[in-house]
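Report on the structure given below.
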Amino acid sequence: MQQTWITRTETPQDAAAIRDILLAAFPTPLEADLVEALRTDPAWIPGLSVLAETPDGQPTGYSLLTRCHVGTTPALALGPCAALPAHQRTGAGSAAIRAGLETARRMGESLVLVLGHATYYPRFGFTPASAYGIRPSFEVPDEAMMALTLDDTAVVPSGTIVYAPPFGV
């Protein structure tokens, strides 16, 4: 069932709903705990935590962009992203991701990195980060570490990704 989603930035009142989405979508609380830790970290950027809701206001999808670096150059890390199981494959998660990416573009951000499914994230324009000389500090399949440039005029840095401390890598 494909439908239209309402997207909006997280408010303080949304923390429990976001946690519920993440707990329902993932097998462990790691992603929910990560979001809570990131909220208190300097990597948190107001406006880049996005919910997708049904027309009646039920939060169903979520995406988060936080500060990371490629070497010393600022970039964004996408994730966690999730949708309630009953709303997976309906566009809720995609709507939250697209809204977050568009907000980041409007804020002047130029590079987004994601570690995720190689068949899912290319629909948003992500390509292997290795093509830019970007790599994580840990082993992952090349096709799972992806990059998206939001500003075609910006120079894309190469180097190792430095994640915020709550990521634990």
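Letters for chains follow the order of the structure tokens (A, B, ...), residue numbers begin at 1 for each chain, and ligand numbers begin at 1 in the order shown.
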Find the spatial neighbours of Pro80 (chain A), counting only C-alpha atoms, within a cut-off of 7 Å - ignore same-chain residues fewer than 5 positions away - and output them as a PDB file with N, CA and C atoms, in the first residue's frame.
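As written to disk, result01.pdb reads:
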ATOM      1  N   GLU A  31      19.600   0.489  18.173  1.00  0.00           N
ATOM      2  CA  GLU A  31      19.319   1.686  17.379  1.00  0.00           C
ATOM      3  C   GLU A  31      18.549   2.718  18.193  1.00  0.00           C
ATOM      4  N   SER A  63      13.863   8.930  10.215  1.00  0.00           N
ATOM      5  CA  SER A  63      15.239   8.985   9.727  1.00  0.00           C
ATOM      6  C   SER A  63      16.010  10.026  10.513  1.00  0.00           C
ATOM      7  N   LEU A  64      17.308   9.780  10.638  1.00  0.00           N
ATOM      8  CA  LEU A  64      18.176  10.678  11.396  1.00  0.00           C
ATOM      9  C   LEU A  64      19.454  10.939  10.616  1.00  0.00           C
TER      10      LEU A  64
END
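All residues of protein, DNA or RNA that reach within 9 Å of Leu48 (chain A), judged by only C-alpha atoms and not counting those fewer than 2 positions away in the chain, are Thr9, Glu10, Trp44, Ile45, Pro46, Val50, Ser63, Leu64, Leu65, Thr66, Ala99, Gly100, Leu101, Thr103 and Ala104 of chain A.
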Query - Every residue of region 25-156 of chain A that DSSP places in strand (DSSP E), as a VMD selection string - result: chain A and resid 44 to 53 59 to 70 73 to 83 111 to 115 127 to 128 134 to 135 145 to 149
Report task. Rounded to one decimal place, report the CA of Ile161 (chain A)-CA of Ala95 (chain A) distance in Å. Result ->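 CA of Ala95 (chain A) lies at a distance of 26.0 Å from CA of Ile161 (chain A).
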Query raised in the report: So which one's closest to Thr90 (chain A), A:Pro165, A:Glu53, A:Val156, A:Met146? Using only C-alpha atoms, please.
Result: A:Glu53
Requested in this report: If you run DSSP over the backbone, which residues in region 13-160 of chain A end up alpha helix (DSSP H)? Put them as number ranges by chain.
Outcome: A: 15-25, 30-39, 92-106
Query raised in the report: Within 6 Å of region 109-122 of chain A, counting only C-alpha atoms, which residues qualify if same-chain residues fewer than 2 places away don't, as a PyMOL selection string?
Result: chain A and resi 75-78+104-105+107+124-126+143-151
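Closest to Val162 (chain A) among A:Gly71, A:Pro128, A:Pro27, A:Gly91 is A:Gly71, based on only C-alpha atoms.
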Query raised in the report: Of the candidates A:Thr160, A:Ser49, A:Thr60, A:Thr153, which shows the shortest atom-to-atom distance to Arg89 (chain A), using only C-alpha atoms?
Result: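 The shortest atom-to-atom distance to Arg89 (chain A) comes from A:Thr60.
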Requested in this report: Give me the residues within 6 Å of Ser158 (chain A) as a PyMOL selection string, counting only C-alpha atoms and dropping any in the same chain fewer than 5 places off.
Outcome: chain A and resi 132-134
Query raised in the report: Which neighbours of Gln58 (chain A) fall inside 12 Å, counting only C-alpha atoms, when residues of the same chain fewer than 5 positions from it are skipped, and could you give them as a PyMOL selection string?
Result: chain A and resi 5-8+14+17-18+20-21+51-53+83-84+87+92
Go ahead and write the selection's residues with all heavy atoms as a short mmCIF file (atom, residue, chain, number, x, y, z; two decimals), in the first residue's frame.
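Saved to result14.cif:
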data_model
loop_
_atom_site.label_atom_id
_atom_site.label_comp_id
_atom_site.auth_asym_id
_atom_site.auth_seq_id
_atom_site.Cartn_x
_atom_site.Cartn_y
_atom_site.Cartn_z
N TRP A 5 2.66 10.57 2.72
CA TRP A 5 3.06 10.71 4.11
C TRP A 5 3.29 12.18 4.43
O TRP A 5 3.76 12.93 3.59
CB TRP A 5 4.34 9.92 4.38
CG TRP A 5 4.12 8.46 4.14
CD1 TRP A 5 4.42 7.76 3.01
CD2 TRP A 5 3.50 7.54 5.02
NE1 TRP A 5 4.02 6.46 3.14
CE2 TRP A 5 3.46 6.29 4.38
CE3 TRP A 5 2.98 7.65 6.31
CZ2 TRP A 5 2.92 5.17 4.97
CZ3 TRP A 5 2.44 6.52 6.90
CH2 TRP A 5 2.42 5.29 6.23
N ILE A 6 2.98 12.53 5.65
CA ILE A 6 3.29 13.87 6.15
C ILE A 6 4.62 13.75 6.88
O ILE A 6 4.79 12.85 7.72
CB ILE A 6 2.17 14.35 7.10
CG1 ILE A 6 0.85 14.44 6.34
CG2 ILE A 6 2.55 15.69 7.75
CD1 ILE A 6 -0.36 14.51 7.22
N THR A 7 5.57 14.59 6.55
CA THR A 7 6.87 14.54 7.22
C THR A 7 7.06 15.83 8.01
O THR A 7 6.58 16.90 7.63
CB THR A 7 8.03 14.37 6.22
OG1 THR A 7 8.01 15.43 5.27
CG2 THR A 7 7.93 13.02 5.51
N ARG A 8 7.78 15.67 9.12
CA ARG A 8 8.06 16.83 9.96
C ARG A 8 9.27 16.53 10.84
O ARG A 8 9.64 15.37 11.05
CB ARG A 8 6.86 17.20 10.82
CG ARG A 8 6.47 16.13 11.82
CD ARG A 8 5.32 16.59 12.71
NE ARG A 8 4.93 15.56 13.66
CZ ARG A 8 5.55 15.29 14.79
NH1 ARG A 8 6.63 15.97 15.15
NH2 ARG A 8 5.12 14.34 15.61
N ASP A 14 8.20 13.77 20.77
CA ASP A 14 8.23 12.61 19.88
C ASP A 14 9.20 11.52 20.31
O ASP A 14 9.24 10.46 19.69
CB ASP A 14 8.62 13.05 18.46
CG ASP A 14 7.58 13.94 17.83
OD1 ASP A 14 6.38 13.66 17.98
OD2 ASP A 14 7.98 14.92 17.18
N ALA A 17 7.68 8.01 20.78
CA ALA A 17 7.18 7.43 19.52
C ALA A 17 8.34 6.97 18.64
O ALA A 17 8.27 5.91 18.01
CB ALA A 17 6.31 8.44 18.77
N ILE A 18 9.41 7.75 18.60
CA ILE A 18 10.58 7.36 17.82
C ILE A 18 11.19 6.10 18.39
O ILE A 18 11.54 5.17 17.65
CB ILE A 18 11.60 8.52 17.76
CG1 ILE A 18 11.02 9.65 16.90
CG2 ILE A 18 12.95 8.05 17.22
CD1 ILE A 18 11.75 10.96 17.01
N ASP A 20 9.66 3.79 20.02
CA ASP A 20 8.74 2.69 19.68
C ASP A 20 8.95 2.22 18.24
O ASP A 20 8.94 1.01 17.98
CB ASP A 20 7.28 3.12 19.89
CG ASP A 20 6.90 3.27 21.35
OD1 ASP A 20 7.66 2.80 22.23
OD2 ASP A 20 5.85 3.89 21.62
N ILE A 21 9.12 3.15 17.31
CA ILE A 21 9.35 2.78 15.91
C ILE A 21 10.62 1.95 15.80
O ILE A 21 10.65 0.89 15.17
CB ILE A 21 9.44 4.03 15.01
CG1 ILE A 21 8.07 4.70 14.89
CG2 ILE A 21 9.98 3.67 13.62
CD1 ILE A 21 8.11 6.09 14.26
N LEU A 51 10.30 12.59 11.19
CA LEU A 51 9.22 11.60 11.28
C LEU A 51 8.36 11.65 10.03
O LEU A 51 8.13 12.72 9.46
CB LEU A 51 8.32 11.89 12.48
CG LEU A 51 8.83 11.45 13.83
CD1 LEU A 51 8.03 12.11 14.93
CD2 LEU A 51 8.75 9.94 13.94
N ALA A 52 7.84 10.49 9.63
CA ALA A 52 6.78 10.40 8.63
C ALA A 52 5.54 9.94 9.38
O ALA A 52 5.61 9.01 10.19
CB ALA A 52 7.14 9.41 7.54
N GLU A 53 4.44 10.61 9.11
CA GLU A 53 3.19 10.31 9.81
C GLU A 53 2.07 10.01 8.83
O GLU A 53 2.09 10.49 7.69
CB GLU A 53 2.73 11.52 10.64
CG GLU A 53 3.67 11.93 11.73
CD GLU A 53 3.14 13.13 12.50
OE1 GLU A 53 2.53 14.03 11.89
OE2 GLU A 53 3.36 13.16 13.71
N ALA A 83 10.82 2.07 9.87
CA ALA A 83 9.37 2.23 9.78
C ALA A 83 8.74 1.15 10.64
O ALA A 83 9.31 0.06 10.79
CB ALA A 83 8.89 2.12 8.34
N LEU A 84 7.58 1.46 11.20
CA LEU A 84 6.85 0.42 11.94
C LEU A 84 6.62 -0.76 11.00
O LEU A 84 6.33 -0.56 9.81
CB LEU A 84 5.50 0.96 12.42
CG LEU A 84 5.53 1.96 13.56
CD1 LEU A 84 4.13 2.53 13.80
CD2 LEU A 84 6.09 1.33 14.84
N HIS A 87 3.94 -0.71 8.46
CA HIS A 87 4.04 0.32 7.43
C HIS A 87 5.30 0.19 6.58
O HIS A 87 5.60 1.07 5.78
CB HIS A 87 3.97 1.71 8.07
CG HIS A 87 2.65 2.00 8.68
ND1 HIS A 87 1.56 2.41 7.94
CD2 HIS A 87 2.23 1.91 9.96
CE1 HIS A 87 0.53 2.57 8.75
NE2 HIS A 87 0.90 2.28 9.97
N ALA A 92 6.81 4.98 4.01
CA ALA A 92 6.95 5.81 5.22
C ALA A 92 8.42 6.11 5.52
O ALA A 92 8.79 7.26 5.77
CB ALA A 92 6.31 5.12 6.43
#
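Among the candidate residues A:Gly168, A:Gly108, A:Pro74, A:Gly61, the one lying nearest to Ala86 (chain A) is A:Gly61, with distances computed using only C-alpha atoms.
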